[in-house]
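*Asks:* Here's a structure for you.
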Amino acid sequence: MAKPRSSWIRVCLGMKKLYTFTAWCNSHLRKAGTQIENIDEDFRDGLKLMLLLEVISGERLPKPERGKMRVHKINNVNKALDFIASKGVKLVSIGAEEIVDGNAKMTLGMIWTIILRFAIQDISVEETSAKEGLLLWCQRKTAPYKNVNVQNFHISWKDGLAFNALIHRHRPELIEYDKLRKDDPVTNLNNAFEVAEKYLDIPKMLDAEDIVGTLRPDEKAIMTYVSCFYHAFSGAQKAETAANRICKVLAVNQENEHLMEDYERLASDLLEWIRRTIPWLEDRVPQKTIQEMQQKLEDFRDYRRVHKPPKVQEKCQLEINFNTLQTKLRLSNRPAFMPSEGRMVSDINNGWQHLEQAEKGYEEWLLNEIRRLERLDHLAEKFRQKASIHEAWTDGKEAMLKHRDYETATLSDIKALIRKHEAFESDLAAHQDRVEQIAAIAQELNELDYYDSHNVNTRCQKICDQWDNLGSLTHSRREALEKTEKQLETIDQLHLEYAKRAAPFNNWMESAMEDLQDMFIVHTIEEIEGLISAHDQFKSTLPDADREREAILAIHKEAQRIAESNHIKLSGSNPYTSVTPQIINSKWEKVQQLVPKRDHALLEEQSKQQSNEHLRRQFASQANMVGPWIQTKMEEIGRISIEMNGTLEDQLSHLKQYERSIVDYKPNLDLLEQQHQLIQEALIFDNKHTNYTMEHLRVGWEQLLTTIARTINEVENQILTRDAKGISQEQMQEFRASFNHFDKDHGGALGPEEFKACLISLGYDVENDRQGDAEFNRIMSVVDPNHSGLVTFQAFIDFMSRETTDTDTADQVIASFKVLAGDKNFITAEELRRELPPDQAEYCIARMAPYQGPDAAPGALDYKSFSTALYGESDL
């Protein structure tokens, strides 16, 4: 392009500005197939001036007049000036006549006005003026480069490094910046100008020698030239911004998909564990022995101590992850996450509730079964003991009753046999209670499903059959004796009296020995003290029993004295009873020996029950401390969750410290578990000193840990909401204060009327009129989509954040894709791979549907439906 020829223009206006403005005009007129050589001459008829305005504005001007007369030229220039004025440009001292007359100064002023309006004024960075905006853009782009410090549009550009830095920042392959030298400005400037003209289609508007040879380069010329760089690179900047926005949206979706997959996997694992565990807890097949049932109880304790606690933590973490995911989805305007069928949080809670019901029933069954087996063992041992005593007593009785000794006996012998038989009948009647007791115990063992009931029944049946046979034999022998009774005349009354008194006394001693050896089972200190009292009462009867023994022995001695005095020959034994004085003394001595043994056994059991009572009190003392502590902490957490002390970060820090203090309290619960295990091992089944059970405390502790974790998660979600939505701390506190003020019952939710009052306090027009009711119904449909009648704090915060802040939308994403697609209604895989990182480009390509519009090209992809799906119900 030739430089202007007019020498007076060079002198008055400066060669640099004239050259720059001419080059700028030609850079646009080339698009219309023309150019100019001299500004003051070529714009005089107004035709090329109108053409220039149409090219740079993209609008049509009124049809120009083609005549050669001065009036035609003035009319054309006026049309151009009117168009400039319509764009909000104030033209000062510039008239059509001056332009037509070739006034170079006025013409250059007009061109600068056009450049300022159409090349520079639209530049705006951070709402600054056009000049400041262009300067700020240059400073940001050149900031990373050494030896470049752009402070103005004159001397900051003299060394040429700033021009090269602008080009390298956007097209690094065109400039070898590290090889440039600050002390060689002419080379630097020419390098930048030549590269800009050859590769960026920016005409050379400045002369390197003129810039270097001038103390202060022309500011308007520099601004005009730099604005061409800005417009050349603005399209790339828009594409970069659009690509960044799309990458951010896709990253959110990919992260959410990973969180959804993690939730599904964790939920499946937890539900599978619950499904495996419940049948084990519902298996109520009893074992035959206490040892086998105690092993089951120990397995259940291992489940409680080892296997369940990690699952409690997993369940709590799963709920926290679910809440965090839903919060992230709300904040990014994504649809709520709906887990696959059977893996909802409610499904997990239902399964967990079923597990705990089975768990509670299983423990109750174990303890009841152990108690039943203990009772069975006691009854079985009692049965064997009584059966052995009875069988020992009946040994030889059948042979004695079948003996026909009365056939050869003397009269006195017969009478003796009759008395002896009467004593036996008395003895037999005394044993009736024992037989009934044996049968009753056997019946109870049958009713309690004793595992060895067959042998018990066989032995009991044998005893009963034998007893019936003894009754029959006794009756037969009595008839035989009575048949010969008339032949008997005398009987030794003393022997008879002895026999009558010795038999009951002998039975009393046998019963006493049986009672003294009787097994006992107690569960409380009161029960053992009752047995000790009964034993003391028995011991108080021993002096009377001893006097009865001496009286009976005295009768025997008197009979011997009378026989000797009357020279009666005795057979050597009492014919009426087999209970001799030696037997009485032997059994009496046995009773005397059994009494201290019984004393020792009762005292030993009393010590055991005292130890059990100590365990009860020890557990109760700890439980009565831990139980209220848990309740207090639950109430304190409830208060903390509705208070606003400090920032959300302060609240979060306070809650985490509070959580650590709760975790530090765990040793108290562990101590209680140890005490509870000792109680179970001692087979203690009740505790009147406390209303707290271990199960109650375990559930309370798990609820406490879950509540503090949920409260911390709520605050974390509030922080996430605040940061994502740009809500200030003051706004968050205002929202919290308003919500708490109307949450009178501190339940964490507001009813419709409470929520309406809260909105009114925040300035919403929801008064009771048609317009207010319509607005309130709109808001309620947002905060309570399920029509539950309650508005939670999280729903309230989400609503307020949407009302007060901007969020990314599907329209924004569509606009970004349109930039990358070059304003087309579709985009290609090649364009996606060029503009986006590889993983996100492939993510889009795999999910975008083919574009079906009339302007579709091969391989066209529908970015609009893809963008809409990101914010709606879809499988993306």
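As shown in the structure tokens, the chain order sets the letters A, B, ...; within each chain, residues go from 1, and ligands are also counted from 1 in the order they appear.
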Can you tell me, as number ranges by chain, what residues are no more than 12 Å from Val663 (chain A) when counting only C-alpha atoms, ignoring any on the same chain fewer than 4 positions away?

*Replies:* A: 630, 633, 656-659, 667-670, 701-702, 704-706, 708-709

*Asks:* Just to be explicit: take each residue in the selection above, keep all heavy atoms, and write the result as a CSV table (one decimal), in the first residue's frame.

*Replies:*
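Contents of selection28.csv, freshly written:
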chain,number,residue,atom,x,y,z
A,630,ILE,N,-25.9,-39.8,77.3
A,630,ILE,CA,-26.3,-39.9,75.9
A,630,ILE,C,-27.5,-39.1,75.6
A,630,ILE,O,-27.6,-38.3,74.6
A,630,ILE,CB,-26.6,-41.4,75.5
A,630,ILE,CG1,-25.3,-42.2,75.6
A,630,ILE,CG2,-27.3,-41.5,74.2
A,630,ILE,CD1,-25.5,-43.7,75.3
A,633,LYS,N,-26.5,-35.4,75.5
A,633,LYS,CA,-25.7,-35.1,74.3
A,633,LYS,C,-26.7,-35.0,73.1
A,633,LYS,O,-26.5,-34.1,72.2
A,633,LYS,CB,-24.7,-36.1,74.0
A,633,LYS,CG,-23.5,-36.2,75.0
A,633,LYS,CD,-22.9,-34.8,75.1
A,633,LYS,CE,-21.8,-34.8,76.2
A,633,LYS,NZ,-21.2,-33.4,76.4
A,656,LYS,N,-17.2,-30.8,65.1
A,656,LYS,CA,-16.2,-31.8,65.0
A,656,LYS,C,-15.5,-32.0,66.3
A,656,LYS,O,-15.2,-33.1,66.7
A,656,LYS,CB,-15.2,-31.5,63.9
A,656,LYS,CG,-15.8,-31.7,62.5
A,656,LYS,CD,-14.8,-31.5,61.4
A,656,LYS,CE,-15.4,-31.8,60.0
A,656,LYS,NZ,-14.5,-31.7,58.9
A,657,GLN,N,-15.2,-30.9,67.0
A,657,GLN,CA,-14.7,-31.0,68.4
A,657,GLN,C,-15.7,-31.8,69.3
A,657,GLN,O,-15.3,-32.6,70.1
A,657,GLN,CB,-14.4,-29.6,69.0
A,657,GLN,CG,-13.2,-28.9,68.3
A,657,GLN,CD,-13.0,-27.5,68.8
A,657,GLN,OE1,-13.7,-27.1,69.7
A,657,GLN,NE2,-12.0,-26.8,68.3
A,658,TYR,N,-16.9,-31.4,69.1
A,658,TYR,CA,-18.0,-32.1,69.9
A,658,TYR,C,-18.0,-33.6,69.6
A,658,TYR,O,-18.2,-34.4,70.5
A,658,TYR,CB,-19.3,-31.4,69.6
A,658,TYR,CG,-20.4,-31.6,70.7
A,658,TYR,CD1,-20.3,-30.8,71.8
A,658,TYR,CD2,-21.4,-32.5,70.6
A,658,TYR,CE1,-21.3,-30.9,72.8
A,658,TYR,CE2,-22.3,-32.7,71.5
A,658,TYR,CZ,-22.3,-31.8,72.7
A,658,TYR,OH,-23.2,-32.0,73.6
A,659,GLU,N,-17.8,-33.9,68.3
A,659,GLU,CA,-17.8,-35.3,67.9
A,659,GLU,C,-16.7,-36.0,68.5
A,659,GLU,O,-16.8,-37.2,68.9
A,659,GLU,CB,-17.8,-35.4,66.3
A,659,GLU,CG,-17.8,-36.8,65.8
A,659,GLU,CD,-17.7,-36.8,64.3
A,659,GLU,OE1,-16.9,-36.0,63.7
A,659,GLU,OE2,-18.4,-37.6,63.6
A,667,PRO,N,-14.9,-45.3,75.8
A,667,PRO,CA,-14.4,-46.2,76.8
A,667,PRO,C,-15.4,-46.5,77.9
A,667,PRO,O,-15.5,-47.6,78.4
A,667,PRO,CB,-13.1,-45.6,77.3
A,667,PRO,CG,-12.6,-44.8,76.2
A,667,PRO,CD,-13.8,-44.3,75.5
A,668,ASN,N,-16.3,-45.5,78.2
A,668,ASN,CA,-17.3,-45.7,79.2
A,668,ASN,C,-18.3,-46.8,78.7
A,668,ASN,O,-18.8,-47.6,79.5
A,668,ASN,CB,-18.0,-44.4,79.5
A,668,ASN,CG,-17.2,-43.4,80.2
A,668,ASN,OD1,-16.9,-43.5,81.4
A,668,ASN,ND2,-16.6,-42.5,79.4
A,669,LEU,N,-18.6,-46.7,77.4
A,669,LEU,CA,-19.6,-47.7,76.9
A,669,LEU,C,-18.9,-49.1,76.8
A,669,LEU,O,-19.5,-50.1,77.0
A,669,LEU,CB,-20.0,-47.3,75.5
A,669,LEU,CG,-21.4,-47.9,75.1
A,669,LEU,CD1,-22.5,-47.3,75.9
A,669,LEU,CD2,-21.6,-47.6,73.6
A,670,ASP,N,-17.6,-49.1,76.5
A,670,ASP,CA,-16.9,-50.4,76.4
A,670,ASP,C,-16.8,-51.0,77.8
A,670,ASP,O,-17.0,-52.2,78.0
A,670,ASP,CB,-15.4,-50.1,75.9
A,670,ASP,CG,-15.4,-49.7,74.5
A,670,ASP,OD1,-16.4,-49.9,73.8
A,670,ASP,OD2,-14.4,-49.0,74.1
A,701,TRP,N,-26.4,-45.1,71.8
A,701,TRP,CA,-25.1,-44.7,71.3
A,701,TRP,C,-25.0,-44.6,69.8
A,701,TRP,O,-24.4,-43.6,69.3
A,701,TRP,CB,-24.1,-45.7,71.9
A,701,TRP,CG,-22.6,-45.4,71.4
A,701,TRP,CD1,-21.9,-46.1,70.5
A,701,TRP,CD2,-21.8,-44.4,71.9
A,701,TRP,NE1,-20.7,-45.6,70.4
A,701,TRP,CE2,-20.5,-44.5,71.2
A,701,TRP,CE3,-21.9,-43.4,72.9
A,701,TRP,CZ2,-19.5,-43.7,71.5
A,701,TRP,CZ3,-20.8,-42.6,73.1
A,701,TRP,CH2,-19.6,-42.7,72.4
A,702,GLU,N,-25.5,-45.6,69.1
A,702,GLU,CA,-25.5,-45.6,67.7
A,702,GLU,C,-26.3,-44.4,67.1
A,702,GLU,O,-25.9,-43.7,66.2
A,702,GLU,CB,-26.1,-46.9,67.1
A,702,GLU,CG,-25.2,-48.1,67.4
A,702,GLU,CD,-25.9,-49.4,67.0
A,702,GLU,OE1,-27.1,-49.4,66.5
A,702,GLU,OE2,-25.3,-50.5,67.2
A,704,LEU,N,-26.7,-41.5,68.7
A,704,LEU,CA,-25.9,-40.3,69.0
A,704,LEU,C,-24.8,-40.1,67.9
A,704,LEU,O,-24.6,-39.0,67.4
A,704,LEU,CB,-25.3,-40.5,70.4
A,704,LEU,CG,-24.3,-39.3,70.9
A,704,LEU,CD1,-25.2,-38.0,70.9
A,704,LEU,CD2,-23.7,-39.7,72.2
A,705,LEU,N,-24.1,-41.2,67.6
A,705,LEU,CA,-23.0,-41.1,66.6
A,705,LEU,C,-23.6,-40.7,65.2
A,705,LEU,O,-23.1,-39.9,64.5
A,705,LEU,CB,-22.3,-42.5,66.4
A,705,LEU,CG,-21.4,-42.9,67.6
A,705,LEU,CD1,-20.8,-44.2,67.4
A,705,LEU,CD2,-20.3,-41.9,67.9
A,706,THR,N,-24.8,-41.3,64.9
A,706,THR,CA,-25.4,-41.0,63.6
A,706,THR,C,-25.9,-39.6,63.6
A,706,THR,O,-25.7,-38.9,62.6
A,706,THR,CB,-26.6,-42.0,63.4
A,706,THR,OG1,-26.1,-43.3,63.4
A,706,THR,CG2,-27.3,-41.7,62.1
A,708,ILE,N,-24.8,-36.9,65.3
A,708,ILE,CA,-23.7,-35.9,65.2
A,708,ILE,C,-23.1,-35.9,63.8
A,708,ILE,O,-22.8,-34.9,63.3
A,708,ILE,CB,-22.6,-36.1,66.3
A,708,ILE,CG1,-21.6,-35.0,66.3
A,708,ILE,CG2,-21.9,-37.5,66.1
A,708,ILE,CD1,-22.1,-33.6,66.6
A,709,ALA,N,-23.0,-37.1,63.2
A,709,ALA,CA,-22.4,-37.2,61.9
A,709,ALA,C,-23.4,-36.5,60.9
A,709,ALA,O,-23.0,-35.8,60.0
A,709,ALA,CB,-22.2,-38.7,61.5

*Asks:* Where does DSSP see helix (DSSP H, G or I) in region 726-766 of chain A, if you list the residues as a list in words?

*Replies:*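 Here are the helix (DSSP H, G or I) residues of region 726-766 of chain A: Gln729, Glu730, Gln731, Met732, Gln733, Glu734, Phe735, Arg736, Ala737, Ser738, Phe739, Asn740, His741, Phe742, Pro752, Glu753, Glu754, Phe755, Lys756, Ala757, Cys758, Leu759, Ile760 and Ser761 of chain A.
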
*Asks:* Restricting it to C-alpha atoms, dump the selection as a PDB file, in the first residue's frame.

*Replies:*
ATOM      1  CA  GLN A 729     -21.933 -15.509  55.619  1.00  0.00           C
ATOM      2  CA  GLU A 730     -24.259 -12.662  56.581  1.00  0.00           C
ATOM      3  CA  GLN A 731     -26.979 -13.973  54.244  1.00  0.00           C
ATOM      4  CA  MET A 732     -26.584 -17.506  55.603  1.00  0.00           C
ATOM      5  CA  GLN A 733     -26.895 -16.216  59.188  1.00  0.00           C
ATOM      6  CA  GLU A 734     -29.922 -14.133  58.242  1.00  0.00           C
ATOM      7  CA  PHE A 735     -31.595 -17.191  56.671  1.00  0.00           C
ATOM      8  CA  ARG A 736     -30.752 -19.337  59.701  1.00  0.00           C
ATOM      9  CA  ALA A 737     -32.018 -16.701  62.167  1.00  0.00           C
ATOM     10  CA  SER A 738     -35.296 -16.239  60.275  1.00  0.00           C
ATOM     11  CA  PHE A 739     -35.858 -19.990  60.046  1.00  0.00           C
ATOM     12  CA  ASN A 740     -35.064 -20.605  63.749  1.00  0.00           C
ATOM     13  CA  HIS A 741     -37.311 -17.739  64.852  1.00  0.00           C
ATOM     14  CA  PHE A 742     -40.368 -19.436  63.370  1.00  0.00           C
ATOM     15  CA  PRO A 752     -47.051 -23.642  55.793  1.00  0.00           C
ATOM     16  CA  GLU A 753     -48.180 -20.774  58.050  1.00  0.00           C
ATOM     17  CA  GLU A 754     -44.796 -20.607  59.821  1.00  0.00           C
ATOM     18  CA  PHE A 755     -43.027 -20.624  56.461  1.00  0.00           C
ATOM     19  CA  LYS A 756     -45.282 -17.846  55.142  1.00  0.00           C
ATOM     20  CA  ALA A 757     -44.457 -15.703  58.187  1.00  0.00           C
ATOM     21  CA  CYS A 758     -40.756 -16.411  57.606  1.00  0.00           C
ATOM     22  CA  LEU A 759     -41.028 -15.281  53.951  1.00  0.00           C
ATOM     23  CA  ILE A 760     -42.858 -12.093  54.963  1.00  0.00           C
ATOM     24  CA  SER A 761     -40.045 -11.324  57.431  1.00  0.00           C
TER      25      SER A 761
END

*Asks:* So that I can see what lies close to region 494-505 of chain A, please list as a PyMOL selection string the residues with an atom at most 7 Å from it, counting only C-alpha atoms and leaving out residues fewer than 4 positions away in the same chain.

*Replies:* chain A and resi 419+423+427+509+552+555-556+559+574+576-577+579

*Asks:* Counting only C-alpha atoms, what is within 12 Å of Lys360 (chain A), bar same-chain residues fewer than 5 positions away, as JSON, numbers by chain?

*Replies:* {"A": [278, 281, 282, 300, 304, 353, 354, 355, 365, 366, 367, 693, 694, 695, 696, 698, 699]}

*Asks:* Write out as a PDB file with N, CA and C atoms, in the first residue's frame which residues come within 9 Å of Ala724 (chain A) when counting only C-alpha atoms, dropping same-chain ones fewer than 5 positions away.

*Replies:*
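Done, and the output landed in part_33.pdb:
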ATOM      1  N   LYS A 328     -25.151 -31.692  45.909  1.00  0.00           N
ATOM      2  CA  LYS A 328     -24.375 -31.317  44.730  1.00  0.00           C
ATOM      3  C   LYS A 328     -25.259 -31.274  43.485  1.00  0.00           C
ATOM      4  N   LEU A 331     -27.341 -28.109  43.651  1.00  0.00           N
ATOM      5  CA  LEU A 331     -26.531 -26.915  43.413  1.00  0.00           C
ATOM      6  C   LEU A 331     -26.148 -26.766  41.941  1.00  0.00           C
ATOM      7  N   SER A 332     -26.030 -27.874  41.216  1.00  0.00           N
ATOM      8  CA  SER A 332     -25.653 -27.809  39.801  1.00  0.00           C
ATOM      9  C   SER A 332     -26.868 -27.952  38.888  1.00  0.00           C
ATOM     10  N   ILE A 719     -22.276 -25.208  53.818  1.00  0.00           N
ATOM     11  CA  ILE A 719     -21.054 -24.557  53.305  1.00  0.00           C
ATOM     12  C   ILE A 719     -20.962 -24.771  51.794  1.00  0.00           C
ATOM     13  N   THR A 807     -27.174 -19.423  38.650  1.00  0.00           N
ATOM     14  CA  THR A 807     -26.653 -20.788  38.527  1.00  0.00           C
ATOM     15  C   THR A 807     -26.444 -21.107  37.055  1.00  0.00           C
TER      16      THR A 807
END

*Asks:* Would you mind reading off the distance between CA of Ser511 (chain A) and CA of Asp468 (chain A), one decimal, in Å?

*Replies:*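 Here the two named atoms are 21.9 Å from each other.
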
*Asks:* For Ala749 (chain A), please output as an NGL selection string all residues within 8 Å (counting only C-alpha atoms; exclusion window: fewer than 6 positions along the same chain).

*Replies:* :A and (743 or 790-793)
